[in-house]
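Before any comments, here is the structure.
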Amino acid sequence: MKKQYLVLAVCIVSLCDVSGALAVESGTRSNHVSNKTDKAAELAPLLGLETINGKMYLTITATRSETNVNEIPAKVEVIGRQEVEQTVGDTITEQLKKNTSMNVIEYPGVLAGIGIRGFRPEFSGITKHSLILVNGRPAGATNLATLLADNVERIEVLKGPASSLYGGEAMGGVVNIITRKNTGKLTGRVEAGFGSYDTNAQKVELGGGLGERFDFDISAGRYDQNDDFKMGDGEIRANTRYETQNGSGRIGANLGDAWRLEMAGDIYQGRDIETPGDIFYGDNQSGYKDIDCYGTDVTLGGKLGVNNKITLASYRSQELGENYSDHFWGSPVPTYHSYDSETSWFGVQAKDEYSWHAHRFIVGVDYQDINVESRSFNTNGVRKAPYSPDEGRKNWAGYLETIWKVMDKRLTVTAGGRYDIFDVETKATPYKTDFIPDTASFSTFSPRTGLNYLFDQAVRLHTTVGKAFVPPTAAQLAGYSERLVYGVTMITRGNPNLDPESSITCDAGVGFEQKKWGLDIDFTVFHTDVDDKISTTASGNTTSYVNSLSAEMEGLESSLSLDVGAPLNWKRSLTFFVNSTHMFKAEEELTSATMQDIHNVAKQTVNYGIQYDDGLFDGKLHFRNQGGMKDTDWNAPGYPVIEYPSFTVADLMVGVTFLDHHRIILKADNLFDKDYYEKTGFPKPGRSFFATYRYEF
């Protein structure tokens, strides 16, 4: 902890001297989302959408309130609607790794996760280091591959600690997926496409205003890959077919002149998703699974006086997975139902935002209840005890965020914090008799502060420092299990006195944006110290958990985009871009005296390329370079640590709009047929093509 307090002190000094904060921040884009001027647009601020001259203004995840992106001290990146359209890949995972240079882990069989700022990518469980939201509420998916890019208006990525606003799981950062809200003229689209591996897809969207008071959006899609994909070496990767379908709906209502109600929902279904397993074992780990995810939310916003607005929201989401296998310990068996999982979220959010002159105060209360259930089966279909017991987690929290504008509004100062109370439990689980259900509670406080200064020369300096946490799991706090090993009863016992894993992060940056030149440059340096990492300890035949280890990450995030059409006054854009993350250090303790590189974290991740758009024809040629990273080879004797080779992969998108309403889109993934992998044993697909026809009105 002494090292953390030293870092905190250094960061506070940098906050007090903005002119000295020359270390830099990366690529924040000040995109605006356009829409028609109508009654819904007038009421948009009630639900967190500020309007200026009839345009929807960007809502920023960094403050839980609408704020100009260039006035935010925190590191925020925005993937706009055009970038989503031009990125090759249908999932949010693909959008993030190709636009924000973060670390991603992806497996065939619709399984993926992310890691931000040196944290290892995570793809399962409710305890992670990166938080995923949909319109400000939990996404309801532990597996990021189930979140599709359909119906997405933009994706806001907050890099750095955000526990002061969002609590646990926000140590590395927050991804907030903002869906489309069409409140103006009725519009829609119908599209169909086909491509490599006998792939076909269909989508339909419709939305707009219904009179003065109501508006809606509805969409549905389907994506089937009916053949196994081919790897970059030309070989077929067996057991990689799958089918998905998804839908979403929203309805909004203006309740008089000061209040607005919105109800929304989304659903994802994956069917017959084949899971090939590690290629080292051939087909001896194959199986398939079905996945269902859905989320619903209701939001009410309104004004309580001229300078005060309140927002109330409730949400419920659920993720269900059914797994089937045709092998048991590497031996073929008749296909059997092997494992089920069910995770549910329920929550309520209340927020009050008060404006005083140019300053704002956001105060809120969050409640969340998460439950996890699992079921396991023998090869003969008879149910057995699952590996982990069922668990639950309740969380009450209150937060305050203040935004101060001083020095003729050039200097923005943010300061706030959040107090969280957790109650966790391991539950009585059918067929699992080797443990005793128990409960545990803990609380923690997470502060954050920042400065942002705007110069006349379009330069901005910014710096933040914040504390974040990740809560212990229910098993680590309240678990108890027994197992018989060579006639000895071995006990694993939770520790109710565990502290949350905590971190202190400080970052600082400089950005330069000149629209008339078409130039946007940003750099950010960051440093994170993690303390109280949880490890196991053994005494006799009993194993438990303690807070004993630490980690340290530091790096540079940078971006540059240059639209040569802006200074030449073209009626089209030709943009060169690059964004990257370079890790100077990403290490964690194995023991109190041994450090190792954090696995699955690349030394550098760089996205670069060129974009073109003239209103009728548009395209994007994109390159992604990933440097080497460490991992454990679980297939070699002694499980040695290995380093992955670096690679560069190219994607191409071309779109043509004709006769006003018609559009054809061509996409090529892995354009040069690179044979590569992001996780050893799970090679990525080789070159593939996809063509789409779309009719819009």
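In the structure tokens, chains take the letters A, B, ... in the order shown, each chain's residues start at 1, and ligands count up from 1 in the order shown.
Within 6 Å of Gly252 of chain A, once only C-alpha atoms are used and residues closer than 4 positions along the same chain are dropped, the contacting residues are A:Phe214, A:Asp215, A:Leu261, A:Glu262.
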**Message:** If we count only C-alpha atoms and set the cut-off at 12 Å, which residues sit around Ala593 of chain A, ignoring sequence neighbours fewer than 6 positions away in its own chain? Please answer as a PyMOL selection string.
**Reply:** chain A and resi 548-550
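Coordinates place atom CA of Leu210 of chain A at a distance of 16.8 Å from atom CA of Asp257 of chain A.
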**Request:** Run DSSP on the backbone and give me the residues of segment 400-637 of chain A it puts in strand (DSSP E or B), as a VMD selection string.
**Result:** chain A and resid 400 to 406 411 to 426 438 to 454 459 to 470 480 to 485 488 to 493 501 to 514 519 to 539 542 to 563 573 to 591 594 to 597 604 to 613 617 to 626 630 to 632
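The interatomic distance for the pair atom CA of Ala192 of chain A and atom CA of Thr100 of chain A works out to 28.4 Å.
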**Request:** Might you pull out every residue within 10 Å of segment 193-199 of chain A, with only C-alpha atoms counted and same-chain residues fewer than 2 positions away left off, and present them as a ChimeraX atom specification?
**Result:** /A:191,201-203,223-230,240-243,664-668,687-694
Any chance you can output those residues with N, CA and C atoms as a PDB file, in the first residue's frame?
```
ATOM      1  N   GLU A 191     -32.065  -5.745 -45.133  1.00  0.00           N
ATOM      2  CA  GLU A 191     -30.843  -6.168 -45.798  1.00  0.00           C
ATOM      3  C   GLU A 191     -30.672  -7.676 -45.727  1.00  0.00           C
ATOM      4  N   ALA A 201     -27.034 -13.952 -43.867  1.00  0.00           N
ATOM      5  CA  ALA A 201     -27.552 -13.091 -42.807  1.00  0.00           C
ATOM      6  C   ALA A 201     -28.685 -12.241 -43.345  1.00  0.00           C
ATOM      7  N   GLN A 202     -29.629 -11.914 -42.462  1.00  0.00           N
ATOM      8  CA  GLN A 202     -30.746 -11.037 -42.791  1.00  0.00           C
ATOM      9  C   GLN A 202     -30.984 -10.103 -41.608  1.00  0.00           C
ATOM     10  N   LYS A 203     -31.349  -8.856 -41.914  1.00  0.00           N
ATOM     11  CA  LYS A 203     -31.643  -7.873 -40.881  1.00  0.00           C
ATOM     12  C   LYS A 203     -32.801  -6.998 -41.325  1.00  0.00           C
ATOM     13  N   TYR A 223     -27.995 -14.648 -38.325  1.00  0.00           N
ATOM     14  CA  TYR A 223     -26.686 -14.901 -38.917  1.00  0.00           C
ATOM     15  C   TYR A 223     -26.380 -16.380 -38.782  1.00  0.00           C
ATOM     16  N   ASP A 224     -26.170 -17.067 -39.909  1.00  0.00           N
ATOM     17  CA  ASP A 224     -25.881 -18.504 -39.910  1.00  0.00           C
ATOM     18  C   ASP A 224     -24.570 -18.754 -40.636  1.00  0.00           C
ATOM     19  N   GLN A 225     -23.668 -19.496 -40.002  1.00  0.00           N
ATOM     20  CA  GLN A 225     -22.470 -19.991 -40.664  1.00  0.00           C
ATOM     21  C   GLN A 225     -22.621 -21.505 -40.764  1.00  0.00           C
ATOM     22  N   ASN A 226     -22.921 -22.004 -41.952  1.00  0.00           N
ATOM     23  CA  ASN A 226     -23.317 -23.398 -42.126  1.00  0.00           C
ATOM     24  C   ASN A 226     -22.169 -24.335 -42.465  1.00  0.00           C
ATOM     25  N   ASP A 227     -20.969 -23.789 -42.706  1.00  0.00           N
ATOM     26  CA  ASP A 227     -19.788 -24.616 -42.962  1.00  0.00           C
ATOM     27  C   ASP A 227     -18.695 -24.272 -41.963  1.00  0.00           C
ATOM     28  N   ASP A 228     -17.784 -25.213 -41.732  1.00  0.00           N
ATOM     29  CA  ASP A 228     -16.618 -24.950 -40.906  1.00  0.00           C
ATOM     30  C   ASP A 228     -15.699 -23.967 -41.615  1.00  0.00           C
ATOM     31  N   PHE A 229     -15.030 -23.110 -40.815  1.00  0.00           N
ATOM     32  CA  PHE A 229     -14.156 -22.133 -41.454  1.00  0.00           C
ATOM     33  C   PHE A 229     -12.804 -22.753 -41.803  1.00  0.00           C
ATOM     34  N   LYS A 230     -12.117 -22.073 -42.713  1.00  0.00           N
ATOM     35  CA  LYS A 230     -10.787 -22.481 -43.147  1.00  0.00           C
ATOM     36  C   LYS A 230      -9.760 -21.561 -42.493  1.00  0.00           C
ATOM     37  N   THR A 240     -16.893 -25.767 -36.246  1.00  0.00           N
ATOM     38  CA  THR A 240     -16.911 -24.315 -36.043  1.00  0.00           C
ATOM     39  C   THR A 240     -18.148 -23.658 -36.648  1.00  0.00           C
ATOM     40  N   ARG A 241     -19.206 -24.421 -36.876  1.00  0.00           N
ATOM     41  CA  ARG A 241     -20.447 -23.852 -37.416  1.00  0.00           C
ATOM     42  C   ARG A 241     -21.338 -23.332 -36.280  1.00  0.00           C
ATOM     43  N   TYR A 242     -22.204 -22.379 -36.611  1.00  0.00           N
ATOM     44  CA  TYR A 242     -23.124 -21.864 -35.597  1.00  0.00           C
ATOM     45  C   TYR A 242     -24.233 -21.054 -36.246  1.00  0.00           C
ATOM     46  N   GLU A 243     -25.277 -20.792 -35.455  1.00  0.00           N
ATOM     47  CA  GLU A 243     -26.408 -19.968 -35.872  1.00  0.00           C
ATOM     48  C   GLU A 243     -26.753 -18.998 -34.747  1.00  0.00           C
ATOM     49  N   ILE A 664     -24.962  -1.437 -51.447  1.00  0.00           N
ATOM     50  CA  ILE A 664     -24.243  -2.710 -51.482  1.00  0.00           C
ATOM     51  C   ILE A 664     -22.954  -2.554 -50.672  1.00  0.00           C
ATOM     52  N   ILE A 665     -22.700  -3.523 -49.786  1.00  0.00           N
ATOM     53  CA  ILE A 665     -21.523  -3.496 -48.923  1.00  0.00           C
ATOM     54  C   ILE A 665     -20.731  -4.776 -49.141  1.00  0.00           C
ATOM     55  N   LEU A 666     -19.433  -4.636 -49.376  1.00  0.00           N
ATOM     56  CA  LEU A 666     -18.528  -5.772 -49.525  1.00  0.00           C
ATOM     57  C   LEU A 666     -17.487  -5.705 -48.415  1.00  0.00           C
ATOM     58  N   LYS A 667     -17.266  -6.834 -47.723  1.00  0.00           N
ATOM     59  CA  LYS A 667     -16.288  -6.885 -46.642  1.00  0.00           C
ATOM     60  C   LYS A 667     -15.374  -8.091 -46.823  1.00  0.00           C
ATOM     61  N   ALA A 668     -14.094  -7.862 -46.573  1.00  0.00           N
ATOM     62  CA  ALA A 668     -13.102  -8.935 -46.612  1.00  0.00           C
ATOM     63  C   ALA A 668     -12.382  -8.971 -45.275  1.00  0.00           C
ATOM     64  N   ARG A 687      -8.824 -16.023 -44.792  1.00  0.00           N
ATOM     65  CA  ARG A 687      -9.522 -14.993 -45.572  1.00  0.00           C
ATOM     66  C   ARG A 687     -10.976 -15.388 -45.806  1.00  0.00           C
ATOM     67  N   SER A 688     -11.869 -14.409 -45.645  1.00  0.00           N
ATOM     68  CA  SER A 688     -13.292 -14.634 -45.924  1.00  0.00           C
ATOM     69  C   SER A 688     -13.896 -13.373 -46.510  1.00  0.00           C
ATOM     70  N   PHE A 689     -14.980 -13.550 -47.259  1.00  0.00           N
ATOM     71  CA  PHE A 689     -15.665 -12.436 -47.908  1.00  0.00           C
ATOM     72  C   PHE A 689     -17.135 -12.468 -47.537  1.00  0.00           C
ATOM     73  N   PHE A 690     -17.743 -11.268 -47.526  1.00  0.00           N
ATOM     74  CA  PHE A 690     -19.170 -11.175 -47.238  1.00  0.00           C
ATOM     75  C   PHE A 690     -19.746 -10.002 -48.021  1.00  0.00           C
ATOM     76  N   ALA A 691     -20.893 -10.229 -48.683  1.00  0.00           N
ATOM     77  CA  ALA A 691     -21.568  -9.197 -49.479  1.00  0.00           C
ATOM     78  C   ALA A 691     -22.978  -8.986 -48.950  1.00  0.00           C
ATOM     79  N   THR A 692     -23.394  -7.719 -48.871  1.00  0.00           N
ATOM     80  CA  THR A 692     -24.707  -7.374 -48.334  1.00  0.00           C
ATOM     81  C   THR A 692     -25.415  -6.407 -49.283  1.00  0.00           C
ATOM     82  N   TYR A 693     -26.704  -6.649 -49.494  1.00  0.00           N
ATOM     83  CA  TYR A 693     -27.567  -5.680 -50.182  1.00  0.00           C
ATOM     84  C   TYR A 693     -28.534  -5.101 -49.154  1.00  0.00           C
ATOM     85  N   ARG A 694     -28.708  -3.773 -49.187  1.00  0.00           N
ATOM     86  CA  ARG A 694     -29.572  -3.094 -48.220  1.00  0.00           C
ATOM     87  C   ARG A 694     -30.503  -2.132 -48.948  1.00  0.00           C
TER      88      ARG A 694
END
```
**Message:** Residues near segment 344-348 of chain A, anyone? I mean within 7 Å using only C-alpha atoms, not counting same-chain ones fewer than 6 positions away, as a VMD selection string.
**Reply:** chain A and resid 140 313 to 319 366 to 372
Since we have the selection now, will you write its residues out, keeping N, CA and C atoms, as a PDB file, in the first residue's frame?
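Output saved as result-v6.pdb:
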```
ATOM      1  N   GLY A 140     -25.799  -7.726 -19.144  1.00  0.00           N
ATOM      2  CA  GLY A 140     -26.452  -9.019 -18.949  1.00  0.00           C
ATOM      3  C   GLY A 140     -25.786 -10.120 -19.739  1.00  0.00           C
ATOM      4  N   ALA A 313     -34.434   4.471 -13.184  1.00  0.00           N
ATOM      5  CA  ALA A 313     -34.338   3.357 -14.126  1.00  0.00           C
ATOM      6  C   ALA A 313     -34.355   2.035 -13.380  1.00  0.00           C
ATOM      7  N   SER A 314     -34.923   1.042 -14.043  1.00  0.00           N
ATOM      8  CA  SER A 314     -34.913  -0.323 -13.525  1.00  0.00           C
ATOM      9  C   SER A 314     -34.573  -1.258 -14.679  1.00  0.00           C
ATOM     10  N   TYR A 315     -33.842  -2.322 -14.394  1.00  0.00           N
ATOM     11  CA  TYR A 315     -33.440  -3.235 -15.458  1.00  0.00           C
ATOM     12  C   TYR A 315     -33.433  -4.668 -14.942  1.00  0.00           C
ATOM     13  N   ARG A 316     -33.565  -5.574 -15.881  1.00  0.00           N
ATOM     14  CA  ARG A 316     -33.435  -6.999 -15.608  1.00  0.00           C
ATOM     15  C   ARG A 316     -32.801  -7.650 -16.828  1.00  0.00           C
ATOM     16  N   SER A 317     -31.843  -8.517 -16.609  1.00  0.00           N
ATOM     17  CA  SER A 317     -31.190  -9.218 -17.719  1.00  0.00           C
ATOM     18  C   SER A 317     -30.804 -10.621 -17.267  1.00  0.00           C
ATOM     19  N   GLN A 318     -30.584 -11.484 -18.258  1.00  0.00           N
ATOM     20  CA  GLN A 318     -30.314 -12.886 -17.953  1.00  0.00           C
ATOM     21  C   GLN A 318     -29.484 -13.504 -19.073  1.00  0.00           C
ATOM     22  N   GLU A 319     -28.573 -14.383 -18.678  1.00  0.00           N
ATOM     23  CA  GLU A 319     -27.761 -15.147 -19.619  1.00  0.00           C
ATOM     24  C   GLU A 319     -27.883 -16.629 -19.266  1.00  0.00           C
ATOM     25  N   ASP A 366     -27.530   3.291  -6.504  1.00  0.00           N
ATOM     26  CA  ASP A 366     -27.646   2.087  -7.325  1.00  0.00           C
ATOM     27  C   ASP A 366     -27.926   0.885  -6.423  1.00  0.00           C
ATOM     28  N   TYR A 367     -28.766  -0.003  -6.930  1.00  0.00           N
ATOM     29  CA  TYR A 367     -28.967  -1.300  -6.278  1.00  0.00           C
ATOM     30  C   TYR A 367     -28.865  -2.383  -7.340  1.00  0.00           C
ATOM     31  N   GLN A 368     -28.167  -3.462  -7.014  1.00  0.00           N
ATOM     32  CA  GLN A 368     -28.022  -4.567  -7.958  1.00  0.00           C
ATOM     33  C   GLN A 368     -28.057  -5.902  -7.219  1.00  0.00           C
ATOM     34  N   ASP A 369     -28.742  -6.859  -7.826  1.00  0.00           N
ATOM     35  CA  ASP A 369     -28.846  -8.213  -7.283  1.00  0.00           C
ATOM     36  C   ASP A 369     -28.482  -9.189  -8.400  1.00  0.00           C
ATOM     37  N   ILE A 370     -27.405  -9.968  -8.202  1.00  0.00           N
ATOM     38  CA  ILE A 370     -26.930 -10.936  -9.195  1.00  0.00           C
ATOM     39  C   ILE A 370     -27.030 -12.334  -8.601  1.00  0.00           C
ATOM     40  N   ASN A 371     -27.534 -13.270  -9.400  1.00  0.00           N
ATOM     41  CA  ASN A 371     -27.620 -14.659  -8.970  1.00  0.00           C
ATOM     42  C   ASN A 371     -27.044 -15.568 -10.047  1.00  0.00           C
ATOM     43  N   VAL A 372     -26.278 -16.570  -9.620  1.00  0.00           N
ATOM     44  CA  VAL A 372     -25.627 -17.509 -10.528  1.00  0.00           C
ATOM     45  C   VAL A 372     -26.010 -18.931 -10.128  1.00  0.00           C
TER      46      VAL A 372
END
```
**Request:** Skip Asp507 of chain A itself and residues of its chain fewer than 5 positions away, then list as JSON, numbers by chain all residues within 6 Å of it, counting only C-alpha atoms.
**Result:** {"A": [463, 464, 525, 526]}
**Prompt:** Of the residues A:Asp266, A:Asp423, A:Glu122, A:Glu587, which is the one nearest to Ala145 of chain A, using only C-alpha atoms?
**Reply:** A:Glu122
**Item:** Long-range neighbours of Thr575 of chain A as a count of residues only, 6 Å cut-off, only C-alpha atoms, 3 positions minimum in chain
**Value:** 4
**Request:** Pick out the closest residue to Val488 of chain A from this set: A:Gly540, A:Gly686, A:Gly466, A:Pro447. Count only C-alpha atoms.
**Result:** A:Gly540
**Request:** List the neighbours of Thr402 of chain A out to 7 Å using only C-alpha atoms; skip same-chain residues closer than 6 positions along the sequence, and give me the result as a list in words.
**Result:** Arg360, Phe361, Ile362, Thr414, Ala415 and Gly416 of chain A
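Between Thr93 of chain A and the residues A:Tyr480, A:Tyr644, A:Phe469, A:Tyr107, the shortest atom-to-atom distance, using only C-alpha atoms, involves A:Tyr107.
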**Message:** Please determine, counting only C-alpha atoms, which residue among A:Asp420, A:Glu66, A:Glu83, A:Asp633 has the shortest atom-to-atom distance to Thr444 of chain A.
**Reply:** A:Asp420
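Distances to Leu186 of chain A were evaluated for A:Ile218, A:Val530, A:Phe435, A:Asp150 using only C-alpha atoms, and the minimum falls at A:Ile218.
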